[in-house]
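See structure below.
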Amino acid sequence: MATDARGAAVPLPRFPDGFLWGVSTSAHQIEGAADTRAPSVWDVFTAEPGRIKDGSTAAVACDHVRRYEEDVALLADLGVGAYRFSISWPRVNSPGGLDFYDRLVDALLAAGVRPVPTLFHWDLPADLTWLDRDTATRFADHVTAVAARLGDRVTKWITLNEPAEHTLLGHALGTHAPGSRLLFDALPAAHHQLLGHGLAVQALRATGADDIGIANSHGPTWPASQEPADLEAAAFYDLLLNRLFAEPVLLGAYPEGLGDLMPSPDIEADLKLIGAPLDWYGVNYYAPTLVGAPQGTEIDFGGVRMPAELPFSVREIEGVPTTDFGWPVIPAGLTELLTTFASRYGDRLPPIVITENGCSYPGLDDQDRITYLDGHVRALHDAITAGVDVRGYFVWSLLDNFEWAEGFARRFGLVHVDFTTQRRTPKASYAWYRDLLTRPPAE
């Protein structure tokens, strides 16, 4: 937490009236009740030995499907204005699957919490693949079905979560579901997800929706040095992880040369769909990335094996705190990212919502998480002061949950979950965030 020269806590600055504060989760990570829905690619992936570090699965996870009323009560007590959750496509494909989301949305509204569903958060039905163009069309059908059922009460929508990570980790490096190690042959998965986003926006607009965004992950890319090889490698990394997923959505165009690599019978028509105007742009931010020229060895970076054949290498950022995931804690990177995007995209950048920001630390008295969140909230305010139009901030996450390939080893929640008893216990960071939301910050 920020302190002055005398060691006293510095009050948080005031945010604009109407600023939306929330928390985020995703279906596969918390819902459980796997026996009541069709399988996803993550169910297939976790069943393969060695895929999940602690050998766990999300079959039960936080048992949220059966305990959602308890979790909605936690949201109400927390005082958030909105709850970002995801809608499981495999659950929707199952008998009565949308009934659960009916109940959840009604409970949220009764508690005074705005529902903000994400329509795809990595849990693709097991019989589909983003390598096939038809999956984008199937996704639009899914979106139409969900909107028809919930659109009378849900007004704010998110199409996709982090297509960059789903492409890189799931299709290029194989460390996430579906576990493919295709390297640059994974690009069709990127294009088809973006096409699915465009078709989803079209489907939502057809229902009258007028508050639509996407949740893209972004972070500053820092070159390891000013040497030409490091600058070139960093620029390429930024192209793959930031520009490849931002520019089709914001500009209706791929960065130069990449459109030619995408599988499409009519790339211009696809890009017209992908680049349809959004009402806001979601950013998931965790940290900058230090990138240099290839080093000729495979390294482990944040639990992800980075192959030697990539035309860049990810380096450790030294001299900064890290989370228990090994991720660097650099709040100023959020300010840098947002001001860079505002400068780079100008009036093509709609208002921004931070759709994820959070950290993994153990324990109930999680002062490190409080320090992390305090620093990032201040960094966000710095970006607003610099002229960036930011409308909301969602903490990842409400609950400790199934953290993908890490299993249950990482705890991102404001609320501790005992995965044996399913007991929920609010952490110190939960109380800190509640205080932020209920006590007007200083001018």
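Residue numbers start at 1 in each chain; chains themselves are named A, B, ... in the order of the structure tokens; ligands are numbered from 1 in the order shown.
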Which residues of range 64-178 of chain A come within 12 Å of range 242-264 of chain A, and for each one, what is the closest pair of atoms and their distance in Å to one decimal, counting only C-alpha atoms, sorted by chain and residue number, as a Markdown table?
| residue | atom | partner | partner_atom | distance |
| --- | --- | --- | --- | --- |
| A:Trp130 | CA | A:Pro263 | CA | 11.8 |
| A:Leu131 | CA | A:Pro263 | CA | 9.5 |
| A:Asp132 | CA | A:Pro263 | CA | 9.6 |
| A:Arg133 | CA | A:Ser264 | CA | 8.4 |
| A:Asp134 | CA | A:Ser264 | CA | 11.5 |
| A:Thr159 | CA | A:Val249 | CA | 11.8 |
| A:Leu160 | CA | A:Phe245 | CA | 11.3 |
| A:Asn161 | CA | A:Phe245 | CA | 11.3 |
| A:Glu162 | CA | A:Phe245 | CA | 9.0 |
| A:Pro163 | CA | A:Phe245 | CA | 7.5 |
| A:Ala164 | CA | A:Phe245 | CA | 6.7 |
| A:Glu165 | CA | A:Phe245 | CA | 10.4 |
| A:His166 | CA | A:Phe245 | CA | 11.6 |
| A:Thr167 | CA | A:Phe245 | CA | 10.5 |
| A:Leu168 | CA | A:Phe245 | CA | 11.8 |
Output N, CA, C and O atoms for every residue in the selection just made, as a PDB file, in the first residue's frame.
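part_12.pdb, written as the output of this step:
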ATOM      1  N   TRP A 130     -10.978 -24.718 -32.905  1.00  0.00           N
ATOM      2  CA  TRP A 130     -10.842 -23.401 -33.521  1.00  0.00           C
ATOM      3  C   TRP A 130      -9.969 -23.450 -34.772  1.00  0.00           C
ATOM      4  O   TRP A 130      -9.849 -22.447 -35.485  1.00  0.00           O
ATOM      5  N   LEU A 131      -9.381 -24.574 -35.081  1.00  0.00           N
ATOM      6  CA  LEU A 131      -8.649 -24.705 -36.338  1.00  0.00           C
ATOM      7  C   LEU A 131      -9.601 -24.792 -37.529  1.00  0.00           C
ATOM      8  O   LEU A 131      -9.184 -24.613 -38.674  1.00  0.00           O
ATOM      9  N   ASP A 132     -10.882 -25.062 -37.258  1.00  0.00           N
ATOM     10  CA  ASP A 132     -11.901 -25.137 -38.305  1.00  0.00           C
ATOM     11  C   ASP A 132     -12.704 -23.839 -38.356  1.00  0.00           C
ATOM     12  O   ASP A 132     -13.170 -23.351 -37.318  1.00  0.00           O
ATOM     13  N   ARG A 133     -12.885 -23.323 -39.540  1.00  0.00           N
ATOM     14  CA  ARG A 133     -13.632 -22.089 -39.712  1.00  0.00           C
ATOM     15  C   ARG A 133     -15.078 -22.221 -39.227  1.00  0.00           C
ATOM     16  O   ARG A 133     -15.664 -21.267 -38.683  1.00  0.00           O
ATOM     17  N   ASP A 134     -15.653 -23.391 -39.391  1.00  0.00           N
ATOM     18  CA  ASP A 134     -17.050 -23.592 -39.028  1.00  0.00           C
ATOM     19  C   ASP A 134     -17.307 -23.341 -37.546  1.00  0.00           C
ATOM     20  O   ASP A 134     -18.445 -23.029 -37.156  1.00  0.00           O
ATOM     21  N   THR A 159     -17.515 -10.949 -25.667  1.00  0.00           N
ATOM     22  CA  THR A 159     -17.525 -12.047 -26.638  1.00  0.00           C
ATOM     23  C   THR A 159     -16.513 -13.130 -26.267  1.00  0.00           C
ATOM     24  O   THR A 159     -16.886 -14.277 -25.993  1.00  0.00           O
ATOM     25  N   LEU A 160     -15.226 -12.794 -26.274  1.00  0.00           N
ATOM     26  CA  LEU A 160     -14.151 -13.764 -26.046  1.00  0.00           C
ATOM     27  C   LEU A 160     -13.271 -13.326 -24.889  1.00  0.00           C
ATOM     28  O   LEU A 160     -13.100 -12.126 -24.633  1.00  0.00           O
ATOM     29  N   ASN A 161     -12.663 -14.292 -24.250  1.00  0.00           N
ATOM     30  CA  ASN A 161     -11.598 -14.021 -23.282  1.00  0.00           C
ATOM     31  C   ASN A 161     -10.257 -14.473 -23.839  1.00  0.00           C
ATOM     32  O   ASN A 161     -10.084 -15.638 -24.223  1.00  0.00           O
ATOM     33  N   GLU A 162      -9.310 -13.566 -23.904  1.00  0.00           N
ATOM     34  CA  GLU A 162      -7.902 -13.850 -24.199  1.00  0.00           C
ATOM     35  C   GLU A 162      -7.676 -14.832 -25.349  1.00  0.00           C
ATOM     36  O   GLU A 162      -7.096 -15.914 -25.159  1.00  0.00           O
ATOM     37  N   PRO A 163      -8.097 -14.485 -26.550  1.00  0.00           N
ATOM     38  CA  PRO A 163      -7.765 -15.356 -27.683  1.00  0.00           C
ATOM     39  C   PRO A 163      -6.259 -15.489 -27.907  1.00  0.00           C
ATOM     40  O   PRO A 163      -5.817 -16.499 -28.464  1.00  0.00           O
ATOM     41  N   ALA A 164      -5.471 -14.530 -27.456  1.00  0.00           N
ATOM     42  CA  ALA A 164      -4.014 -14.641 -27.604  1.00  0.00           C
ATOM     43  C   ALA A 164      -3.479 -15.827 -26.816  1.00  0.00           C
ATOM     44  O   ALA A 164      -2.721 -16.662 -27.333  1.00  0.00           O
ATOM     45  N   GLU A 165      -3.864 -15.931 -25.540  1.00  0.00           N
ATOM     46  CA  GLU A 165      -3.388 -17.043 -24.713  1.00  0.00           C
ATOM     47  C   GLU A 165      -3.949 -18.377 -25.177  1.00  0.00           C
ATOM     48  O   GLU A 165      -3.259 -19.400 -25.144  1.00  0.00           O
ATOM     49  N   HIS A 166      -5.225 -18.355 -25.579  1.00  0.00           N
ATOM     50  CA  HIS A 166      -5.822 -19.614 -26.037  1.00  0.00           C
ATOM     51  C   HIS A 166      -5.115 -20.109 -27.305  1.00  0.00           C
ATOM     52  O   HIS A 166      -4.969 -21.324 -27.500  1.00  0.00           O
ATOM     53  N   THR A 167      -4.677 -19.183 -28.135  1.00  0.00           N
ATOM     54  CA  THR A 167      -3.926 -19.568 -29.330  1.00  0.00           C
ATOM     55  C   THR A 167      -2.519 -20.012 -28.970  1.00  0.00           C
ATOM     56  O   THR A 167      -2.074 -21.098 -29.373  1.00  0.00           O
ATOM     57  N   LEU A 168      -1.802 -19.174 -28.215  1.00  0.00           N
ATOM     58  CA  LEU A 168      -0.399 -19.452 -27.910  1.00  0.00           C
ATOM     59  C   LEU A 168      -0.241 -20.696 -27.043  1.00  0.00           C
ATOM     60  O   LEU A 168       0.505 -21.623 -27.383  1.00  0.00           O
TER      61      LEU A 168
END
Need to verify the contact set: range 99-106 of chain A, 9 Å, only C-alpha atoms, exclusion of same-chain residues closer than 6 positions in sequence. Can you return it as an mmCIF file with N, CA, C and O atoms, in the first residue's frame?
data_model
loop_
_atom_site.group_PDB
_atom_site.id
_atom_site.type_symbol
_atom_site.label_atom_id
_atom_site.label_comp_id
_atom_site.auth_asym_id
_atom_site.auth_seq_id
_atom_site.Cartn_x
_atom_site.Cartn_y
_atom_site.Cartn_z
ATOM 1 N N VAL A 65 -21.982 -24.184 -9.303
ATOM 2 C CA VAL A 65 -23.325 -24.452 -9.826
ATOM 3 C C VAL A 65 -24.288 -24.769 -8.686
ATOM 4 O O VAL A 65 -25.458 -24.348 -8.700
ATOM 5 N N TYR A 68 -24.075 -21.309 -5.944
ATOM 6 C CA TYR A 68 -24.034 -19.950 -6.498
ATOM 7 C C TYR A 68 -24.711 -18.930 -5.593
ATOM 8 O O TYR A 68 -24.301 -17.759 -5.550
ATOM 9 N N GLU A 69 -25.731 -19.332 -4.846
ATOM 10 C CA GLU A 69 -26.402 -18.370 -3.967
ATOM 11 C C GLU A 69 -25.452 -17.863 -2.889
ATOM 12 O O GLU A 69 -25.460 -16.658 -2.552
ATOM 13 N N VAL A 72 -23.146 -15.408 -4.666
ATOM 14 C CA VAL A 72 -23.810 -14.132 -4.929
ATOM 15 C C VAL A 72 -23.900 -13.313 -3.639
ATOM 16 O O VAL A 72 -23.739 -12.079 -3.663
ATOM 17 N N ILE A 87 -20.090 -18.060 -19.528
ATOM 18 C CA ILE A 87 -21.153 -19.017 -19.800
ATOM 19 C C ILE A 87 -20.541 -20.204 -20.533
ATOM 20 O O ILE A 87 -19.973 -20.055 -21.615
ATOM 21 N N VAL A 92 -24.396 -25.038 -21.964
ATOM 22 C CA VAL A 92 -25.527 -24.574 -22.766
ATOM 23 C C VAL A 92 -25.986 -25.671 -23.728
ATOM 24 O O VAL A 92 -27.182 -25.799 -24.024
ATOM 25 N N ARG A 114 -24.615 -6.182 -11.310
ATOM 26 C CA ARG A 114 -24.857 -6.271 -12.748
ATOM 27 C C ARG A 114 -24.171 -7.503 -13.336
ATOM 28 O O ARG A 114 -22.957 -7.688 -13.155
ATOM 29 N N PRO A 115 -24.892 -8.365 -14.041
ATOM 30 C CA PRO A 115 -24.252 -9.528 -14.674
ATOM 31 C C PRO A 115 -23.524 -9.124 -15.953
ATOM 32 O O PRO A 115 -24.087 -8.423 -16.800
ATOM 33 N N ARG A 149 -32.157 -16.095 -24.515
ATOM 34 C CA ARG A 149 -32.636 -16.505 -23.187
ATOM 35 C C ARG A 149 -32.375 -15.441 -22.121
ATOM 36 O O ARG A 149 -33.209 -15.217 -21.235
ATOM 37 N N LEU A 150 -31.238 -14.757 -22.198
ATOM 38 C CA LEU A 150 -30.820 -13.864 -21.112
ATOM 39 C C LEU A 150 -30.857 -12.383 -21.469
ATOM 40 O O LEU A 150 -30.711 -11.533 -20.592
ATOM 41 N N ARG A 153 -32.423 -9.417 -19.569
ATOM 42 C CA ARG A 153 -31.880 -8.972 -18.278
ATOM 43 C C ARG A 153 -30.396 -8.625 -18.333
ATOM 44 O O ARG A 153 -29.920 -7.814 -17.547
ATOM 45 N N VAL A 154 -29.670 -9.233 -19.250
ATOM 46 C CA VAL A 154 -28.249 -8.938 -19.416
ATOM 47 C C VAL A 154 -28.102 -7.851 -20.466
ATOM 48 O O VAL A 154 -28.633 -7.966 -21.576
#
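CA of Asp400 in chain A sits 7.4 Å away from CA of Leu414 in chain A.
Our summary of the geometry notes that CA of Tyr281 in chain A is positioned 8.4 Å from CA of Ile212 in chain A.
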Selection near Ala59 in chain A, 12 Å with only C-alpha atoms, sequence-local residues under 6 positions removed, as an MDAnalysis selection string: chainID A and resid 27:40 42:44 46:47 65 401:402 407 419
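In this structure, CA of Ile214 in chain A sits 15.2 Å away from CA of Leu241 in chain A.
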